[in-house]
Every structure is written in C-alpha cells, then in structure tokens.
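Q: Below is the file entry.cif, which contains mmCIF, C-alpha atoms.
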data_data
loop_
_atom_site.label_atom_id
_atom_site.label_comp_id
_atom_site.auth_asym_id
_atom_site.auth_seq_id
_atom_site.Cartn_x
_atom_site.Cartn_y
_atom_site.Cartn_z
CA MET A 1 0.00 0.00 0.00
CA SER A 2 1.43 3.39 -1.06
CA TRP A 3 1.63 6.35 1.28
CA ARG A 4 -0.76 8.15 -1.06
CA ASP A 5 -3.48 5.73 -0.09
CA ASP A 6 -3.31 6.91 3.54
CA TYR A 7 -2.71 10.60 2.93
CA ASP A 8 -5.76 12.80 2.38
CA GLY A 9 -4.30 16.15 3.49
CA ILE A 10 -6.93 16.61 6.21
CA GLY A 11 -5.90 17.49 9.75
CA LYS A 12 -7.92 18.09 12.89
CA PHE A 13 -7.42 19.84 16.20
CA ARG A 14 -9.97 18.95 18.83
CA ASN A 15 -13.25 19.21 16.86
CA ALA A 16 -12.17 21.50 14.00
CA GLU A 17 -10.89 20.18 10.65
CA PHE A 18 -8.54 21.87 8.17
CA LEU A 19 -6.39 21.15 5.11
CA VAL A 20 -2.60 20.82 5.15
CA LYS A 21 -0.26 20.93 2.15
CA SER A 22 3.07 20.56 4.00
CA ALA A 23 4.36 20.26 7.55
CA ASP A 24 7.62 20.71 9.44
CA THR A 25 8.76 18.78 12.52
CA GLU A 26 11.53 19.82 14.88
CA LEU A 27 13.04 17.00 16.92
CA GLY A 28 16.32 15.64 18.23
CA ARG A 29 18.05 15.70 21.59
CA ARG A 30 18.87 18.38 24.09
CA ASN A 31 22.61 18.82 24.28
CA ALA A 32 24.58 21.16 26.50
CA VAL A 33 27.91 22.03 24.90
CA HIS A 34 30.76 22.64 27.34
CA GLU A 35 33.80 24.41 25.90
CA TYR A 36 36.69 24.47 28.34
CA PRO A 37 39.66 26.82 28.32
CA LEU A 38 42.74 25.50 26.52
CA ARG A 39 40.83 22.52 25.14
CA ASN A 40 40.16 22.24 21.44
CA THR A 41 37.41 19.64 21.68
CA PRO A 42 34.16 20.51 23.44
CA TYR A 43 32.23 18.12 25.65
CA THR A 44 28.60 17.59 24.74
CA GLU A 45 26.29 16.61 27.61
CA ASP A 46 23.17 14.72 26.54
CA LEU A 47 20.14 15.96 28.53
CA GLY A 48 17.55 13.72 26.93
CA LEU A 49 15.06 13.95 24.10
CA LYS A 50 14.03 17.33 22.79
CA ALA A 51 10.30 18.01 22.82
CA ARG A 52 8.92 17.56 19.31
CA GLN A 53 7.46 20.66 17.68
CA PHE A 54 5.10 20.58 14.72
CA SER A 55 4.66 23.55 12.40
CA PHE A 56 2.38 23.76 9.37
CA ASP A 57 -0.02 25.97 7.46
CA ALA A 58 -3.63 24.93 7.91
CA PHE A 59 -6.28 26.06 5.42
CA VAL A 60 -10.04 26.37 5.60
CA ILE A 61 -11.57 26.91 2.15
CA GLY A 62 -15.04 27.40 0.67
CA ASP A 63 -17.91 29.82 0.30
CA ASP A 64 -18.67 29.46 3.99
CA TYR A 65 -15.03 29.25 5.04
CA HIS A 66 -15.59 31.83 7.78
CA ILE A 67 -17.69 29.28 9.70
CA ASP A 68 -14.83 26.76 9.70
CA ARG A 69 -12.39 29.58 10.47
CA ASP A 70 -14.29 30.67 13.57
CA ALA A 71 -14.65 27.05 14.72
CA LEU A 72 -10.91 26.44 14.43
CA MET A 73 -10.09 29.72 16.18
CA ALA A 74 -12.38 28.76 19.07
CA GLU A 75 -10.65 25.37 19.45
CA LEU A 76 -7.20 26.97 19.34
CA GLU A 77 -8.10 29.39 22.13
CA LYS A 78 -9.36 26.75 24.55
CA ALA A 79 -7.25 26.16 27.66
CA GLY A 80 -5.04 23.11 28.08
CA PRO A 81 -3.66 20.53 25.69
CA GLY A 82 -5.76 18.95 22.97
CA THR A 83 -5.76 16.11 20.45
CA LEU A 84 -4.16 16.82 17.07
CA VAL A 85 -4.72 14.58 14.08
CA HIS A 86 -1.56 15.24 12.08
CA PRO A 87 -2.02 14.35 8.37
CA TYR A 88 1.48 12.83 8.23
CA LEU A 89 2.22 11.63 11.77
CA GLY A 90 -1.18 10.59 13.10
CA THR A 91 -2.93 11.34 16.39
CA MET A 92 -1.06 12.93 19.33
CA ARG A 93 -1.61 15.01 22.44
CA VAL A 94 -0.25 18.54 21.94
CA SER A 95 -0.23 22.06 23.31
CA LEU A 96 -0.50 25.09 21.07
CA ILE A 97 2.62 27.29 21.02
CA ASN A 98 1.62 29.88 18.46
CA ALA A 99 -1.16 30.57 15.94
CA ARG A 100 -1.50 33.24 13.28
CA THR A 101 -4.13 33.78 10.56
CA ASN A 102 -3.92 35.32 7.09
CA GLU A 103 -6.79 36.36 4.79
CA THR A 104 -6.67 38.42 1.57
CA ASN A 105 -9.15 39.81 -1.00
CA GLN A 106 -7.05 38.44 -3.86
CA GLN A 107 -7.49 34.91 -2.50
CA GLY A 108 -10.99 35.12 -1.16
CA GLY A 109 -12.83 32.19 0.29
CA ARG A 110 -9.97 30.90 2.35
CA CYS A 111 -8.08 31.50 5.59
CA ARG A 112 -4.58 30.34 6.27
CA PHE A 113 -3.51 29.44 9.82
CA THR A 114 0.18 29.21 10.66
CA LEU A 115 0.29 26.84 13.64
CA THR A 116 3.01 25.55 15.95
CA PHE A 117 2.33 22.73 18.41
CA ILE A 118 4.50 20.91 20.93
CA ILE A 119 4.05 17.47 22.48
CA ALA A 120 2.12 17.77 25.76
CA GLY A 121 3.40 15.84 28.78
CA ALA A 122 2.23 15.35 32.36
CA ASN A 123 3.43 17.66 35.13
CA THR A 124 5.25 15.06 37.23
CA PHE A 125 7.92 17.33 38.74
CA PRO A 126 8.01 18.69 41.31
CA ASN A 127 5.87 16.17 43.16
CA ARG A 128 5.01 17.51 46.60
CA GLN A 129 3.84 14.92 49.11
CA ILE A 130 3.10 15.31 52.80
CA ASP A 131 4.71 12.77 55.12
CA THR A 132 1.55 11.71 56.93
CA GLN A 133 3.39 9.16 59.07
CA ALA A 134 5.72 11.84 60.42
CA LYS A 135 2.69 14.07 61.06
CA VAL A 136 1.14 11.40 63.30
CA GLN A 137 4.44 11.06 65.19
CA THR A 138 4.63 14.82 65.72
CA GLU A 139 1.05 15.12 66.94
CA ALA A 140 1.58 12.14 69.24
CA ASP A 141 4.56 13.90 70.84
CA VAL A 142 2.50 17.05 71.40
CA ALA A 143 -0.44 15.11 72.83
CA GLN A 144 1.86 13.23 75.19
CA GLU A 145 3.28 16.49 76.55
CA GLN A 146 -0.20 17.93 77.06
CA VAL A 147 -1.39 14.79 78.88
CA ILE A 148 1.56 14.92 81.29
CA ASP A 149 1.07 18.66 81.92
CA ASP A 150 -2.64 18.12 82.58
CA PHE A 151 -1.83 15.31 85.02
CA SER A 152 0.67 17.55 86.82
CA THR A 153 -1.98 20.18 87.50
CA THR A 154 -4.69 17.67 88.48
CA PHE A 155 -2.86 15.13 90.65
CA ASN A 156 -2.33 16.16 94.25
CA ASP A 157 -1.41 13.87 97.14
CA GLU A 158 -0.81 16.58 99.72
CA LYS A 159 -2.89 16.81 102.89
CA LEU A 160 -4.43 13.39 102.31
CA GLN A 161 -5.24 11.36 105.37
CA ALA A 162 -2.87 8.46 105.91
CA ASN A 163 -5.35 5.77 104.84
CA HIS A 164 -6.43 7.80 101.80
CA PHE A 165 -2.80 8.30 100.82
CA GLU A 166 -2.21 4.56 101.09
CA GLN A 167 -5.25 3.81 98.95
CA LEU A 168 -4.03 6.28 96.30
CA GLN A 169 -0.63 4.62 96.33
CA ASN A 170 -2.30 1.23 95.87
CA SER A 171 -4.20 2.64 92.88
CA ILE A 172 -0.92 3.73 91.32
CA GLN A 173 0.60 0.33 92.00
CA SER A 174 -2.41 -1.30 90.34
CA VAL A 175 -1.99 0.85 87.22
CA LEU A 176 1.70 0.02 87.04
CA ALA A 177 0.92 -3.67 87.44
CA ASP A 178 -1.55 -3.50 84.55
CA ILE A 179 1.13 -1.90 82.39
CA ASP A 180 3.66 -4.51 83.43
CA ASP A 181 1.23 -7.33 82.62
CA GLN A 182 1.23 -6.38 78.95
CA VAL A 183 4.88 -7.14 78.30
CA GLY A 184 6.69 -7.52 81.62
CA GLU A 185 9.67 -5.75 83.19
CA VAL A 186 9.00 -2.33 81.77
CA ILE A 187 8.53 -0.53 85.06
CA ASP A 188 11.35 1.29 86.75
CA PRO A 189 11.26 0.34 90.44
CA ILE A 190 11.27 3.98 91.50
CA THR A 191 7.88 4.54 89.84
CA ALA A 192 6.34 2.66 92.75
CA LEU A 193 6.99 5.77 94.86
CA ILE A 194 4.70 8.78 94.76
CA ARG A 195 6.88 11.69 93.73
CA PRO A 196 6.20 15.22 92.38
CA PRO A 197 3.26 14.96 89.91
CA PHE A 198 5.28 15.82 86.80
CA ASN A 199 7.93 13.22 87.61
CA LEU A 200 5.31 10.62 88.42
CA GLY A 201 3.39 11.34 85.21
CA THR A 202 6.56 11.21 83.12
CA SER A 203 7.56 7.94 84.77
CA ILE A 204 4.20 6.29 84.02
CA ILE A 205 4.27 7.50 80.40
CA ASP A 206 7.85 6.25 80.01
CA SER A 207 6.76 2.84 81.26
CA ILE A 208 3.97 2.77 78.67
CA ASN A 209 6.35 3.90 75.93
CA ARG A 210 8.73 1.05 76.67
CA ILE A 211 6.05 -1.39 75.56
CA GLY A 212 6.48 -0.12 72.01
CA GLN A 213 10.24 -0.16 72.37
CA LYS A 214 10.24 -3.84 73.34
CA ILE A 215 7.59 -4.94 70.80
CA ALA A 216 8.99 -4.46 67.30
CA GLU A 217 5.79 -5.43 65.46
CA PRO A 218 3.42 -2.41 65.42
CA PHE A 219 0.26 -4.54 65.24
CA ASN A 220 1.25 -6.47 68.38
CA ALA A 221 2.08 -3.21 70.15
CA ILE A 222 -1.35 -1.79 69.25
CA LYS A 223 -3.01 -4.87 70.76
CA LEU A 224 -1.10 -4.44 74.01
CA TYR A 225 -1.88 -0.73 74.17
CA THR A 226 -5.55 -1.46 73.49
CA ASN A 227 -5.62 -3.67 76.60
CA LEU A 228 -4.83 -0.55 78.65
CA PHE A 229 -7.78 1.45 77.30
CA GLY A 230 -10.24 2.18 80.08
CA ILE A 231 -7.80 1.19 82.79
CA GLY A 232 -9.40 1.65 86.21
CA ASP A 233 -12.97 1.58 84.92
CA ASP A 234 -13.76 -1.28 87.29
CA ARG A 235 -12.39 0.44 90.39
CA PRO A 236 -14.78 0.84 93.35
CA THR A 237 -16.50 4.19 93.77
CA ILE A 238 -14.83 6.45 96.33
CA SER A 239 -17.00 8.60 98.54
CA THR A 240 -16.42 12.35 98.19
CA ALA A 241 -17.91 13.28 101.54
CA THR A 242 -14.68 14.87 102.79
CA ILE A 243 -12.05 17.11 101.24
CA SER A 244 -9.46 14.35 101.59
CA ARG A 245 -11.73 11.81 99.89
CA LYS A 246 -12.57 14.26 97.09
CA GLN A 247 -8.87 14.89 96.43
CA GLN A 248 -8.19 11.15 96.51
CA THR A 249 -10.93 10.61 93.90
CA ILE A 250 -9.58 13.35 91.61
CA SER A 251 -5.99 12.11 91.87
CA THR A 252 -6.96 8.48 91.34
CA GLN A 253 -8.95 9.43 88.23
CA ALA A 254 -5.98 11.49 87.01
CA VAL A 255 -3.71 8.42 87.23
CA HIS A 256 -6.18 6.25 85.31
CA ASP A 257 -6.72 8.95 82.66
CA LEU A 258 -2.99 9.38 82.26
CA ALA A 259 -2.44 5.66 81.67
CA THR A 260 -5.37 5.31 79.25
CA ARG A 261 -4.50 8.39 77.22
CA GLY A 262 -0.81 7.56 77.23
CA ALA A 263 -1.58 4.08 75.86
CA LEU A 264 -3.96 5.56 73.29
CA ILE A 265 -1.37 8.04 72.05
CA GLU A 266 1.25 5.31 71.69
CA ALA A 267 -1.23 3.08 69.86
CA CYS A 268 -1.80 5.94 67.41
CA ARG A 269 1.96 6.28 67.00
CA SER A 270 2.27 2.56 66.27
CA SER A 271 -0.50 2.79 63.66
CA SER A 272 1.68 5.17 61.65
CA GLU A 273 4.55 2.65 61.76
CA ALA A 274 2.43 -0.31 60.63
CA GLU A 275 2.60 -1.64 57.06
CA TYR A 276 -0.93 -2.69 56.14
CA ASP A 277 -1.70 -5.60 53.81
CA SER A 278 -5.14 -4.35 52.86
CA LEU A 279 -7.35 -1.28 53.05
CA ASP A 280 -9.72 -3.21 55.32
CA ASP A 281 -6.93 -3.86 57.85
CA ALA A 282 -6.01 -0.17 57.88
CA ILE A 283 -9.62 0.94 58.30
CA ASN A 284 -10.21 -1.49 61.19
CA ILE A 285 -7.20 -0.12 63.08
CA ARG A 286 -8.25 3.46 62.30
CA ASN A 287 -11.84 2.97 63.45
CA GLY A 288 -10.76 1.40 66.73
CA LEU A 289 -8.42 4.29 67.52
CA LEU A 290 -10.93 6.95 66.48
CA ALA A 291 -13.59 5.41 68.71
CA GLU A 292 -11.30 5.58 71.76
CA LEU A 293 -10.14 9.10 70.86
CA ASP A 294 -13.76 10.26 70.65
CA LEU A 295 -14.49 8.63 74.01
CA GLN A 296 -11.56 10.39 75.67
CA MET A 297 -12.26 13.74 74.03
CA HIS A 298 -15.81 13.77 75.42
CA ALA A 299 -14.79 12.90 78.98
CA ASP A 300 -16.21 15.25 81.64
CA ASN A 301 -12.78 16.11 83.01
CA MET A 302 -11.17 16.82 79.62
CA SER A 303 -9.09 19.99 79.52
CA ASP A 304 -9.07 22.26 76.46
CA CYS A 305 -5.36 21.71 75.74
CA VAL A 306 -5.58 17.92 75.88
CA TYR A 307 -8.78 17.99 73.80
CA GLN A 308 -7.12 20.03 71.05
CA SER A 309 -4.02 17.84 71.00
CA LEU A 310 -6.13 14.67 70.71
CA LEU A 311 -8.22 16.31 67.98
CA ASN A 312 -5.07 17.13 66.00
CA LEU A 313 -3.88 13.55 66.47
CA ARG A 314 -7.26 12.28 65.26
CA VAL A 315 -7.01 14.35 62.07
CA ALA A 316 -3.44 13.16 61.46
CA ILE A 317 -4.49 9.49 61.75
CA ILE A 318 -7.35 9.96 59.30
CA ASP A 319 -5.02 11.64 56.78
CA ASP A 320 -2.36 8.95 57.21
CA ILE A 321 -4.72 6.02 56.67
CA ARG A 322 -6.46 7.75 53.75
CA THR A 323 -3.15 8.57 52.05
CA ARG A 324 -1.36 5.27 52.59
CA GLY A 325 -4.51 3.20 52.10
CA ALA A 326 -5.35 4.68 48.70
CA ASP A 327 -3.33 2.07 46.81
CA LEU A 328 -3.97 -0.87 49.15
CA PRO A 329 -6.01 -3.84 47.92
CA LYS A 330 -9.35 -4.65 49.51
CA LEU A 331 -10.26 -7.91 51.20
CA ASN A 332 -12.38 -10.46 49.40
CA THR A 333 -13.58 -14.01 50.05
CA HIS A 334 -12.73 -17.11 48.08
CA THR A 335 -14.35 -20.48 48.65
CA PRO A 336 -12.44 -23.40 47.08
CA LEU A 337 -14.78 -26.03 45.67
CA ILE A 338 -12.53 -28.89 46.73
CA SER A 339 -9.81 -29.38 49.31
CA GLN A 340 -6.50 -28.07 47.97
CA SER A 341 -3.12 -26.99 49.18
CA ALA A 342 -2.48 -23.32 49.90
CA LEU A 343 0.12 -23.37 47.11
CA VAL A 344 -2.49 -24.28 44.51
CA ILE A 345 -4.98 -21.71 45.79
CA ALA A 346 -2.34 -18.96 45.74
CA HIS A 347 -1.41 -19.87 42.17
CA GLN A 348 -5.05 -19.85 41.08
CA LEU A 349 -5.79 -16.48 42.68
CA TYR A 350 -2.59 -14.57 42.06
CA GLY A 351 -0.55 -16.58 39.58
CA ASP A 352 2.08 -16.71 42.32
CA ALA A 353 2.34 -19.84 44.47
CA GLY A 354 4.77 -17.98 46.74
CA ARG A 355 1.85 -16.08 48.26
CA ASP A 356 0.58 -19.20 50.01
CA SER A 357 2.00 -17.94 53.31
CA GLU A 358 -0.26 -14.90 53.03
CA ILE A 359 -3.35 -17.14 52.78
CA ILE A 360 -2.13 -19.36 55.62
CA ARG A 361 -1.44 -16.45 57.96
CA ARG A 362 -4.61 -14.51 57.23
CA ASN A 363 -6.88 -17.54 57.69
CA ASN A 364 -4.95 -19.40 60.43
CA VAL A 365 -4.76 -22.49 58.22
CA ARG A 366 -3.77 -25.47 60.36
CA HIS A 367 -2.62 -27.72 57.50
CA PRO A 368 -1.21 -25.78 54.50
CA GLY A 369 -1.34 -28.87 52.33
CA PHE A 370 -5.03 -29.48 53.03
CA VAL A 371 -7.25 -26.38 52.90
CA SER A 372 -10.82 -27.61 53.25
CA GLY A 373 -13.13 -27.10 50.31
CA GLY A 374 -16.37 -25.25 50.92
CA ASP A 375 -14.87 -23.02 53.61
CA ALA A 376 -14.67 -19.31 52.76
CA LEU A 377 -11.16 -17.85 52.86
CA GLU A 378 -10.24 -14.24 53.44
CA VAL A 379 -7.98 -13.14 50.56
CA LEU A 380 -6.72 -9.96 48.95
CA ASN A 381 -8.39 -8.98 45.70
CA VAL A 382 -5.11 -8.71 43.75
#
If you took the structure in this file and wrote it as structure tokens, what would it be?

A:
Amino acid sequence: MSWRDDYDGIGKFRNAEFLVKSADTELGRRNAVHEYPLRNTPYTEDLGLKARQFSFDAFVIGDDYHIDRDALMAELEKAGPGTLVHPYLGTMRVSLINARTNETNQQGGRCRFTLTFIIAGANTFPNRQIDTQAKVQTEADVAQEQVIDDFSTTFNDEKLQANHFEQLQNSIQSVLADIDDQVGEVIDPITALIRPPFNLGTSIIDSINRIGQKIAEPFNAIKLYTNLFGIGDDRPTISTATISRKQQTISTQAVHDLATRGALIEACRSSSEAEYDSLDDAINIRNGLLAELDLQMHADNMSDCVYQSLLNLRVAIIDDIRTRGADLPKLNTHTPLISQSALVIAHQLYGDAGRDSEIIRRNNVRHPGFVSGGDALEVLNV
C-alpha cells in the first residue's frame, strides 16, 4: 500500500478540521555544549530527548469558510492541551505554542492558519507529598506532653489522710501492674513511689512507651496498648464526703486517665509505623483508635489543651490512613470447591504460588497442604 493511499491532506485539532499541504517537525536531543579553556574539543552533555514541535499551514476553504475559520479559532483558544490529528504523523496530544491567521481579497474564500504545536506531557515534577506518618508522630509527641502537663496540674497527694494516701498509692501500683502485665519488666522500680506529679506522670508514660520499644511489630504493640484502654474503669467508687476523699478521687482518676490516654497516644503512633496488607486492615485499626479518641475527648474532666491535641492527632491518623490506604487492595472471600493446598490456591488467585504464606497467615490455616473445600477464605483482591 502506497503512502498516497493513507494521505488525504486533512488534519484536525480537537473538533475543528482543516487542510494541510506541507508540515515541518523539529526534533532531536537536548545537548549542552561545554567548551573548556585550553581545550580544542568541546564536551557535549546529553540531557535527553528534545520536545517535538510541529509547524504547518492549515487552510479552511469554501464559500462558507468563515464558519470553519471561527470554529478552528475557538478550538485553538481553549485552555489546556488537545488532540491533534496530524495528516502525516497521526494522532497525538499537543499544546499550542503559536497561531497566526492570514486572509486576503485576492485569495478570497480561504483562511490560512500558521500553527506551531508541541508534544504535551504530564506535570510530574516537582511532586510535593506530605509525610503523613511523620505528622502522626509529631502530633503524638505534642499530645503526650499535654497529657503529662494536665496530670501535673490535676494530681495532688498533699494533705491526704494516711489511709487515703495509702489507697491512692495502691491505685498507682495497680496501674503500674496492669502496664507490666502487657509485656513484663517495663517498670522502673522507683515509679512505685509517689513523687512530684510531673515526675510521676513522666515515669508512668515512660513505662507505657517502653512497651512499644520492646515490641517491634506495630500490630502487636497496638493490641497491648488497646488492653490498657479504660484502665481503672472497674475500680470501686470512692465517697467524696470529705475534702481528703474528694482529692483522693480526683488524683486516682488522674492516674487512670494518664495511663489510658498515654496508651492511646502510643497506639496511634504505632499505627503510623504499621505496614498494612489491605485497606480493610487499615480501616479497622483506624476505626478502633478513632472510637477511643472520641471517648476520651468527650470525657467530663477533659481539659481544652488535651482535647485540642487529641483532635489534631485524630485528624493526622485519618489523613495517614487515607493517604497510605489509597493504593492498598481490599479484602475479598474465596471459597475453594474442593480441598487443595495453599500453594495451589495462591497460584489460582494470584498466579504466584509464593503467596501461600499470606493465605495461611490470614486464615490461620492449620494444615497448609489441606485447605478444606467449601470453607470461605479471606484473601486480597489482587
């Protein structure tokens, strides 16, 4: 087939057609020429392909040429790149560089457009992206400071009667024991002593933080922190009939709030360090943390500073999960018709038998070589 069979001389930009007799294309590579003193031969640095430019004269002809002229002018003046059907090179995405028209009485019934286009590309640089994980870490640090400061102004063990002081000390010991139960040997022995409120609050928070330091897996750390949510909720009600009893109640509640909120903040921090397998996993963690944050933020004894810090942490968690979860696969179910090995199921679903461990772990498969048919499996949809 000859080139003449394909060439009809008709071009098109967006929705407007025109005629073309000849066309020029500028192409090549971008080269930076470096000429050094006392050297006779320059060095040419290749900077990549040069953007292709297309120049040609486009004609609209006929008794009603002005209608086609106005249509083409309107398309040329639209914002953004458009589709060009080049009569020689085919269809491409271009941006208009320059356009000029020419009309004369001697050659009536026609308008000539002198057009220059350049290949249009995507704006990929610079690519600004917020580090949502670091944002969660920063807000967690701020919230932790506010929680300790709030505890320092609320906790007061002065002027307590001896038996009330002892009961308060037992409450602190109980909180520390609950923390220690989660991972063991995280409590500094001196935290058993009631000291100035700031030091005591810092010591309790440090003990909670050491859970995350000893547990490398973020998901396991979140589970342990979750066990500390609502610490002290089952404590017996203390009468507030006397000033000493009232202060004991306030200080005991301050200790329990400190431990719960400290654990919650660290759980939020661990959520930003977790690598999620699926969007569903990420959403489940997020929803659990948001529920506890909302519960704490609406507590009767919540201070404005702590409330704002927890609110900022809440927003940071939502942004982090939304950003990092955007490209995560969703969970699905797969029910094998017959009993098969996890290797076969992984190959059928993903074309990769090496992902059998993923199926085994997610579904707690007891015998990888014998996955029962008819039982629904939780799998990723990719």

Q: Check what the PyMOL selection byres ((chain A and resi 223) around 12) selects in the file above and give those residues as a list of chain:residue names.

A: A:Gln182, A:Val183, A:Ile211, A:Gly212, A:Ile215, A:Glu217, A:Pro218, A:Phe219, A:Asn220, A:Ala221, A:Ile222, A:Leu224, A:Tyr225, A:Thr226, A:Asn227, A:Leu228, A:Phe229, A:Ala263, A:Leu264, A:Glu266, A:Ala267, A:Cys268, A:Ser270, A:Ser271, A:Ile285, A:Gly288, A:Leu289

Q: What are the closest atom pairs, with distances in Å to one decimal, for all residues of region 314-335 of chain A lying within 7 Å of region 127-149 of chain A? Consider only C-alpha atoms, order rows by chain and residue number, and present the result as a tab-separated table.

A:
residue	atom	partner	partner_atom	distance
A:Ala316	CA	A:Val136	CA	5.2
A:Ile317	CA	A:Val136	CA	6.1
A:Asp319	CA	A:Thr132	CA	6.6
A:Asp320	CA	A:Thr132	CA	4.8

Q: Determine, for each residue of region 32-65 of chain A having at least one atom at most 8 Å from an atom of region 101-115 of chain A, the closest pair of atoms and their separation in Å to one decimal, counting all atoms listed in the file; order by chain and ascending number, as JSON lines.

A:
{"residue": "A:Phe54", "atom": "CA", "partner": "A:Leu115", "partner_atom": "CA", "distance": 8.0}
{"residue": "A:Ser55", "atom": "CA", "partner": "A:Leu115", "partner_atom": "CA", "distance": 5.6}
{"residue": "A:Phe56", "atom": "CA", "partner": "A:Leu115", "partner_atom": "CA", "distance": 5.7}
{"residue": "A:Asp57", "atom": "CA", "partner": "A:Thr114", "partner_atom": "CA", "distance": 4.6}
{"residue": "A:Ala58", "atom": "CA", "partner": "A:Phe113", "partner_atom": "CA", "distance": 4.9}
{"residue": "A:Phe59", "atom": "CA", "partner": "A:Arg112", "partner_atom": "CA", "distance": 4.7}
{"residue": "A:Val60", "atom": "CA", "partner": "A:Cys111", "partner_atom": "CA", "distance": 5.5}
{"residue": "A:Ile61", "atom": "CA", "partner": "A:Arg110", "partner_atom": "CA", "distance": 4.3}
{"residue": "A:Gly62", "atom": "CA", "partner": "A:Gly109", "partner_atom": "CA", "distance": 5.3}
{"residue": "A:Asp63", "atom": "CA", "partner": "A:Gly109", "partner_atom": "CA", "distance": 5.6}
{"residue": "A:Asp64", "atom": "CA", "partner": "A:Gly109", "partner_atom": "CA", "distance": 7.4}
{"residue": "A:Tyr65", "atom": "CA", "partner": "A:Arg110", "partner_atom": "CA", "distance": 6.0}

Q: So how far away is CA of Leu84 (chain A) from CA of Leu19 (chain A), in Å?

A: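 Pair CA of Leu19 (chain A) / CA of Leu84 (chain A) returns 12.9 Å.
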
Q: At a cut-off of 7 Å around the point (1.7, 5.9, 79.8) (file coordinates), what residues fall inside when counting only C-alpha atoms? I'd like the answer as a ChimeraX atom specification.

A: /A:204-209,258-259,262-263

Q: For the PyMOL selection byres ((chain A and resi 44) around 6), applied here, can you spell out every residue it catches as number ranges by chain?

A: A: 32-33, 43, 45

Q: Would you output that residue set with C-alpha atoms, as a PDB file, in the frame of the given file?

A:
ATOM      1  CA  ALA A  32      24.580  21.160  26.500  1.00  0.00           C
ATOM      2  CA  VAL A  33      27.910  22.030  24.900  1.00  0.00           C
ATOM      3  CA  TYR A  43      32.230  18.120  25.650  1.00  0.00           C
ATOM      4  CA  GLU A  45      26.290  16.610  27.610  1.00  0.00           C
TER       5      GLU A  45
END

Q: Could you check how far CA of Arg261 (chain A) sits from CA of Thr154 (chain A), in Å to one decimal?

A: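 Pair CA of Arg261 (chain A) / CA of Thr154 (chain A) returns 14.6 Å.
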
Q: Going by the chain IDs and residue numbers used in this file, which residues fall under the PyMOL selection byres ((chain A and resi 298-301) around 12)? Write them as a PyMOL selection string.

A: chain A and resi 150-151+154+230+250-251+253-254+257-258+261+291-297+302-308+310-311

Q: Rounded to one decimal, what separation in Å do you get between CA of Pro368 (chain A) and CA of Ala346 (chain A)?

A: 11.2 Å

Q: In terms of the shortest atom-to-atom distance over all atoms listed in the file, which of A:Ala51, A:Ala376, A:Val344, A:Ala71 is closest to Phe13 (chain A)?

A: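 Looking at the shortest contact to Phe13 (chain A), the residue is A:Ala71.
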
Q: Could you check which of A:Val379, A:Ile321, A:Leu328, A:Ile119 is closest to Leu349 (chain A), using all atoms listed in the file?

A: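 With all atoms listed in the file as the atom set, the closest residue is A:Val379.
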
Q: Hey, what's within 7 Å of Ala16 (chain A) if we count only C-alpha atoms and toss same-chain stuff fewer than 4 positions away? As a PDB file with C-alpha atoms, keeping the file's coordinate frame, please?

A:
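Done, and the output landed in around_12.pdb:
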ATOM      1  CA  LYS A  12      -7.920  18.090  12.890  1.00  0.00           C
ATOM      2  CA  ALA A  71     -14.650  27.050  14.720  1.00  0.00           C
ATOM      3  CA  LEU A  72     -10.910  26.440  14.430  1.00  0.00           C
ATOM      4  CA  GLU A  75     -10.650  25.370  19.450  1.00  0.00           C
TER       5      GLU A  75
END

Q: Restricting the calculation to all atoms listed in the file, which member of A:Arg362, A:Asp8, A:Leu377, A:Thr323 is positioned closest to Gly90 (chain A)?

A: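 Of all the options, A:Asp8 lies closest to Gly90 (chain A).
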
Q: Pick out the closest residue to Asn284 (chain A) from this set: A:Leu38, A:Ile318, A:Pro336, A:His256. Count only C-alpha atoms.

A: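 Of A:Leu38, A:Ile318, A:Pro336, A:His256, the one nearest Asn284 (chain A) is A:Ile318, counting only C-alpha atoms.
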
Q: Step by step, gather every atom of region 351-356 of chain A that the file lists, find the box along x, y and z that holds them, add 8 Å on each side, and finally give centre and edge lengths in Å to one decimal, as AutoDock Vina command-line options.

A:
--center_x 2.1 --center_y -18.0 --center_z 44.8 --size_x 21.3 --size_y 19.8 --size_z 26.4

Q: Given the choices A:His86, A:Lys21, A:Arg29, A:Arg286, which gets closest to Arg269 (chain A) if the distance is worked out from all atoms listed in the file?

A: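 Using all atoms listed in the file, Arg269 (chain A) sits closest to A:Arg286.
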
Q: Counting all atoms listed in the file, which of A:Leu331, A:Val20, A:Ala326, A:Leu380 gets nearest to Val85 (chain A)?

A: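 When distances to Val85 (chain A) are compared using all atoms listed in the file, the smallest one comes from A:Val20.
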